[in-house]
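Chemist: Got a structure for you, written out below as structure tokens; questions coming shortly.
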Amino acid sequence: MSKVILVTGPARSGKSEWAEMLAIQSKKPVVYIATATNNLDDKEWHERIEKHQKRRPPEWSTLEVPEELPASLADATPNTCLLIDSLGTWVANLLEEDESTWERIVEDFLDTVDLVAAQMIFVAEETGWGVIPAYPVGRIFRDRLGSLVRKLGTKSEDVYLVTGGHVLNLSLLGYPLPNSKS
């Protein structure tokens, strides 16, 4: 199984379920890295998190890592499978960072991905397929996440798109863009 896997798609498409299946197939101890924090005051959010938790096997360990994702990846042991869900929430947690700080965070993240010996499965939302956000923060989120997914996609051996009730392996069906660094 590939060292770096990216699973992407729209909301409620089954991305997390596909990533969970891939983690089970790895036959390795799984560390689930949740970038969201459970806010008990937000009932709908709490229910989403509970649904994810109930689907996961009880032997998986879970880390809540809303911001320090590179450090958590770097701490992984080689014979584990890390399931990181999700990059969109991680980006949202860091939206207040200015552009130069964000670029350093992304560079640190991508450098760390190269160095980690553990298998990593990243879940990322797709944005920007529809209406341009009316507010600056929405456009910043869309652009940052889109750029991050593109950069991580170039480092991933397998990239899956989950949409319309189907999973497509883009690594087999598509071609990487030349100079896909932006």
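Starting from 1 in every chain, residues are counted up; chains themselves are A, B, ... following the order of the structure tokens, and ligands are numbered from 1 as listed.
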Run DSSP on the backbone and grab whatever in chain A lands in strand (DSSP E or B); send it over as an NGL selection string.
Modeler: :A and (4-9 or 30-34 or 61-64 or 81-85 or 119-125 or 158-163 or 166-169)
Chemist: Find the spatial neighbours of stretch 2-11 of chain A, counting only C-alpha atoms, within a cut-off of 6 Å - ignore same-chain residues fewer than 3 positions away - and output them as a list in words.
Modeler: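 Here the qualifying residues turn out to be Gln119, Met120, Ile121, Phe122, Val123, Ala124, Glu125, Glu126, Ser156, Glu157, Asp158, Val159, Tyr160, Leu161, Val162 and Thr163 of chain A.
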Chemist: For those residues, write N, CA and C atoms to a file as a tab-separated table (two decimals), in the first residue's frame.
Modeler:
chain	number	residue	atom	x	y	z
A	119	GLN	N	2.71	5.24	7.16
A	119	GLN	CA	1.77	5.43	6.07
A	119	GLN	C	0.80	6.55	6.47
A	120	MET	N	0.44	7.40	5.52
A	120	MET	CA	-0.46	8.52	5.81
A	120	MET	C	-1.60	8.56	4.80
A	121	ILE	N	-2.81	8.65	5.33
A	121	ILE	CA	-4.01	8.79	4.49
A	121	ILE	C	-4.65	10.12	4.88
A	122	PHE	N	-4.68	11.05	3.94
A	122	PHE	CA	-5.22	12.38	4.19
A	122	PHE	C	-6.61	12.49	3.56
A	123	VAL	N	-7.53	13.09	4.30
A	123	VAL	CA	-8.86	13.39	3.80
A	123	VAL	C	-8.93	14.90	3.60
A	124	ALA	N	-9.40	15.31	2.42
A	124	ALA	CA	-9.50	16.75	2.12
A	124	ALA	C	-10.78	17.04	1.35
A	125	GLU	N	-11.41	18.12	1.71
A	125	GLU	CA	-12.60	18.56	1.01
A	125	GLU	C	-12.21	19.27	-0.28
A	126	GLU	N	-13.06	19.15	-1.27
A	126	GLU	CA	-12.88	19.91	-2.51
A	126	GLU	C	-13.71	21.18	-2.41
A	156	SER	N	1.54	12.46	-3.33
A	156	SER	CA	0.75	11.27	-3.02
A	156	SER	C	0.89	10.22	-4.11
A	157	GLU	N	1.12	8.98	-3.68
A	157	GLU	CA	1.19	7.88	-4.65
A	157	GLU	C	-0.20	7.57	-5.21
A	158	ASP	N	-1.21	7.68	-4.36
A	158	ASP	CA	-2.58	7.45	-4.79
A	158	ASP	C	-3.42	8.65	-4.41
A	159	VAL	N	-4.22	9.13	-5.36
A	159	VAL	CA	-5.17	10.21	-5.12
A	159	VAL	C	-6.54	9.71	-5.55
A	160	TYR	N	-7.47	9.72	-4.60
A	160	TYR	CA	-8.83	9.25	-4.86
A	160	TYR	C	-9.80	10.42	-4.82
A	161	LEU	N	-10.75	10.42	-5.75
A	161	LEU	CA	-11.87	11.35	-5.73
A	161	LEU	C	-13.12	10.54	-5.41
A	162	VAL	N	-13.82	10.94	-4.35
A	162	VAL	CA	-15.05	10.27	-3.95
A	162	VAL	C	-16.20	11.23	-4.23
A	163	THR	N	-17.08	10.83	-5.14
A	163	THR	CA	-18.22	11.68	-5.48
A	163	THR	C	-19.31	10.84	-6.15
Chemist: Looking at A:Val113, A:Val91, A:Ala19, A:Leu73, which one is nearest to A:Thr35, with distances taken over only C-alpha atoms?
Modeler: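 Of the candidates, the smallest distance to A:Thr35 is held by A:Val91.
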Chemist: Which residues are close to A:Phe141, i.e. within 12 Å by only C-alpha atoms, leaving aside same-chain residues fewer than 6 positions away? Reply as a compact mmCIF listing (two decimals) with N, CA, C and O atoms, in the first residue's frame.
Modeler:
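So selection34.txt came out as:
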# COMPACT_ATOMS: atom_id res chain seq x y z
N LEU A 87 -8.10 17.91 6.13
CA LEU A 87 -7.26 19.07 5.84
C LEU A 87 -8.07 20.36 5.77
O LEU A 87 -7.58 21.43 6.11
N GLY A 88 -9.33 20.27 5.35
CA GLY A 88 -10.17 21.46 5.29
C GLY A 88 -10.38 22.07 6.67
O GLY A 88 -10.32 23.29 6.84
N THR A 89 -10.60 21.22 7.66
CA THR A 89 -10.78 21.72 9.02
C THR A 89 -9.47 22.30 9.54
O THR A 89 -9.46 23.33 10.21
N TRP A 90 -8.35 21.66 9.21
CA TRP A 90 -7.04 22.18 9.63
C TRP A 90 -6.81 23.56 9.03
O TRP A 90 -6.38 24.48 9.74
N VAL A 91 -7.11 23.72 7.74
CA VAL A 91 -6.95 25.03 7.10
C VAL A 91 -7.86 26.06 7.80
O VAL A 91 -7.43 27.18 8.10
N ALA A 92 -9.10 25.68 8.07
CA ALA A 92 -10.03 26.60 8.74
C ALA A 92 -9.52 27.01 10.12
O ALA A 92 -9.68 28.17 10.52
N ASN A 93 -8.89 26.08 10.83
CA ASN A 93 -8.36 26.39 12.16
C ASN A 93 -7.22 27.41 12.11
O ASN A 93 -6.92 28.05 13.12
N LEU A 94 -6.59 27.55 10.95
CA LEU A 94 -5.43 28.45 10.81
C LEU A 94 -5.71 29.65 9.91
O LEU A 94 -4.78 30.32 9.46
N LEU A 95 -6.96 29.95 9.67
CA LEU A 95 -7.31 31.04 8.76
C LEU A 95 -6.85 32.41 9.24
O LEU A 95 -6.66 33.32 8.43
N GLU A 96 -6.66 32.58 10.52
CA GLU A 96 -6.25 33.88 11.04
C GLU A 96 -4.77 34.18 10.80
O GLU A 96 -4.32 35.31 11.00
N GLU A 97 -4.02 33.17 10.37
CA GLU A 97 -2.60 33.39 10.09
C GLU A 97 -2.44 34.25 8.83
O GLU A 97 -3.19 34.07 7.87
N GLU A 99 -0.56 35.60 5.37
CA GLU A 99 -0.15 34.79 4.22
C GLU A 99 1.27 34.24 4.35
O GLU A 99 1.51 33.07 4.03
N TRP A 102 1.23 31.44 6.89
CA TRP A 102 0.56 30.28 6.31
C TRP A 102 1.49 29.54 5.34
O TRP A 102 1.57 28.32 5.36
N GLU A 125 -11.41 18.12 1.71
CA GLU A 125 -12.60 18.56 1.01
C GLU A 125 -12.21 19.27 -0.28
O GLU A 125 -11.17 19.92 -0.35
N GLU A 126 -13.06 19.15 -1.27
CA GLU A 126 -12.88 19.91 -2.51
C GLU A 126 -13.71 21.18 -2.41
O GLU A 126 -14.88 21.14 -2.03
N THR A 127 -13.11 22.29 -2.72
CA THR A 127 -13.81 23.57 -2.73
C THR A 127 -13.59 24.22 -4.09
O THR A 127 -12.72 23.81 -4.86
N GLY A 128 -14.36 25.24 -4.35
CA GLY A 128 -14.13 26.02 -5.56
C GLY A 128 -14.76 25.45 -6.81
O GLY A 128 -14.43 25.89 -7.91
N ILE A 132 -18.14 31.56 -6.35
CA ILE A 132 -17.01 32.19 -5.68
C ILE A 132 -17.54 32.79 -4.38
O ILE A 132 -18.54 33.50 -4.38
N PRO A 133 -16.87 32.49 -3.25
CA PRO A 133 -17.36 33.03 -1.98
C PRO A 133 -17.46 34.55 -2.01
O PRO A 133 -16.60 35.24 -2.56
N ALA A 134 -18.52 35.07 -1.40
CA ALA A 134 -18.78 36.51 -1.41
C ALA A 134 -17.90 37.28 -0.42
O ALA A 134 -17.78 38.50 -0.53
N TYR A 135 -17.30 36.58 0.53
CA TYR A 135 -16.53 37.25 1.56
C TYR A 135 -15.05 36.88 1.45
O TYR A 135 -14.72 35.75 1.09
N SER A 147 -4.91 25.04 -2.98
CA SER A 147 -3.48 25.00 -3.21
C SER A 147 -2.81 23.88 -2.40
O SER A 147 -1.95 23.15 -2.91
N LEU A 148 -3.23 23.72 -1.15
CA LEU A 148 -2.67 22.66 -0.30
C LEU A 148 -2.98 21.27 -0.88
O LEU A 148 -2.09 20.41 -0.96
Chemist: Quick check, in Å to one decimal: how far apart do atom CA of A:Lys43 and atom CA of A:Glu68 lie?
Modeler: 25.5 Å
Chemist: In Å, how far is it from atom CA of A:Asn39 to atom CA of A:Ala74?
Modeler: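 Atom CA of A:Ala74 lies at a distance of 26.8 Å from atom CA of A:Asn39.
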Chemist: Kindly indicate which residue among A:Asp114, A:Ala23, A:His166, A:Leu145 lies nearest to A:Pro57, using only C-alpha atoms for the distances.
Modeler: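 For A:Pro57, the nearest of the candidates is A:Ala23.
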Chemist: DSSP on the backbone: which residues in stretch 50-94 of chain A end up as helix (DSSP H, G or I)? Give the answer as an mmCIF file with C-alpha atoms, in the first residue's frame.
Modeler:
data_model
loop_
_atom_site.group_PDB
_atom_site.id
_atom_site.type_symbol
_atom_site.label_atom_id
_atom_site.label_comp_id
_atom_site.auth_asym_id
_atom_site.auth_seq_id
_atom_site.Cartn_x
_atom_site.Cartn_y
_atom_site.Cartn_z
ATOM 1 C CA GLU A 50 -19.958 11.097 17.158
ATOM 2 C CA LYS A 51 -20.979 9.485 13.858
ATOM 3 C CA HIS A 52 -17.329 9.360 12.779
ATOM 4 C CA GLN A 53 -16.250 7.979 16.155
ATOM 5 C CA LYS A 54 -18.847 5.188 16.121
ATOM 6 C CA ARG A 55 -17.664 4.009 12.690
ATOM 7 C CA LEU A 69 -0.340 18.771 12.363
ATOM 8 C CA PRO A 70 3.332 18.648 11.217
ATOM 9 C CA ALA A 71 4.520 17.903 14.771
ATOM 10 C CA SER A 72 1.957 15.104 15.161
ATOM 11 C CA LEU A 73 3.007 13.538 11.867
ATOM 12 C CA ALA A 74 6.673 13.755 12.826
ATOM 13 C CA LEU A 87 -7.259 19.074 5.840
ATOM 14 C CA GLY A 88 -10.172 21.463 5.294
ATOM 15 C CA THR A 89 -10.779 21.723 9.022
ATOM 16 C CA TRP A 90 -7.040 22.179 9.626
ATOM 17 C CA VAL A 91 -6.954 25.035 7.103
ATOM 18 C CA ALA A 92 -10.033 26.596 8.739
ATOM 19 C CA ASN A 93 -8.358 26.392 12.156
#
Chemist: Rounded to one decimal place, report the atom CA of A:Asp75-atom CA of A:Lys155 distance in Å.
Modeler: 19.5 Å
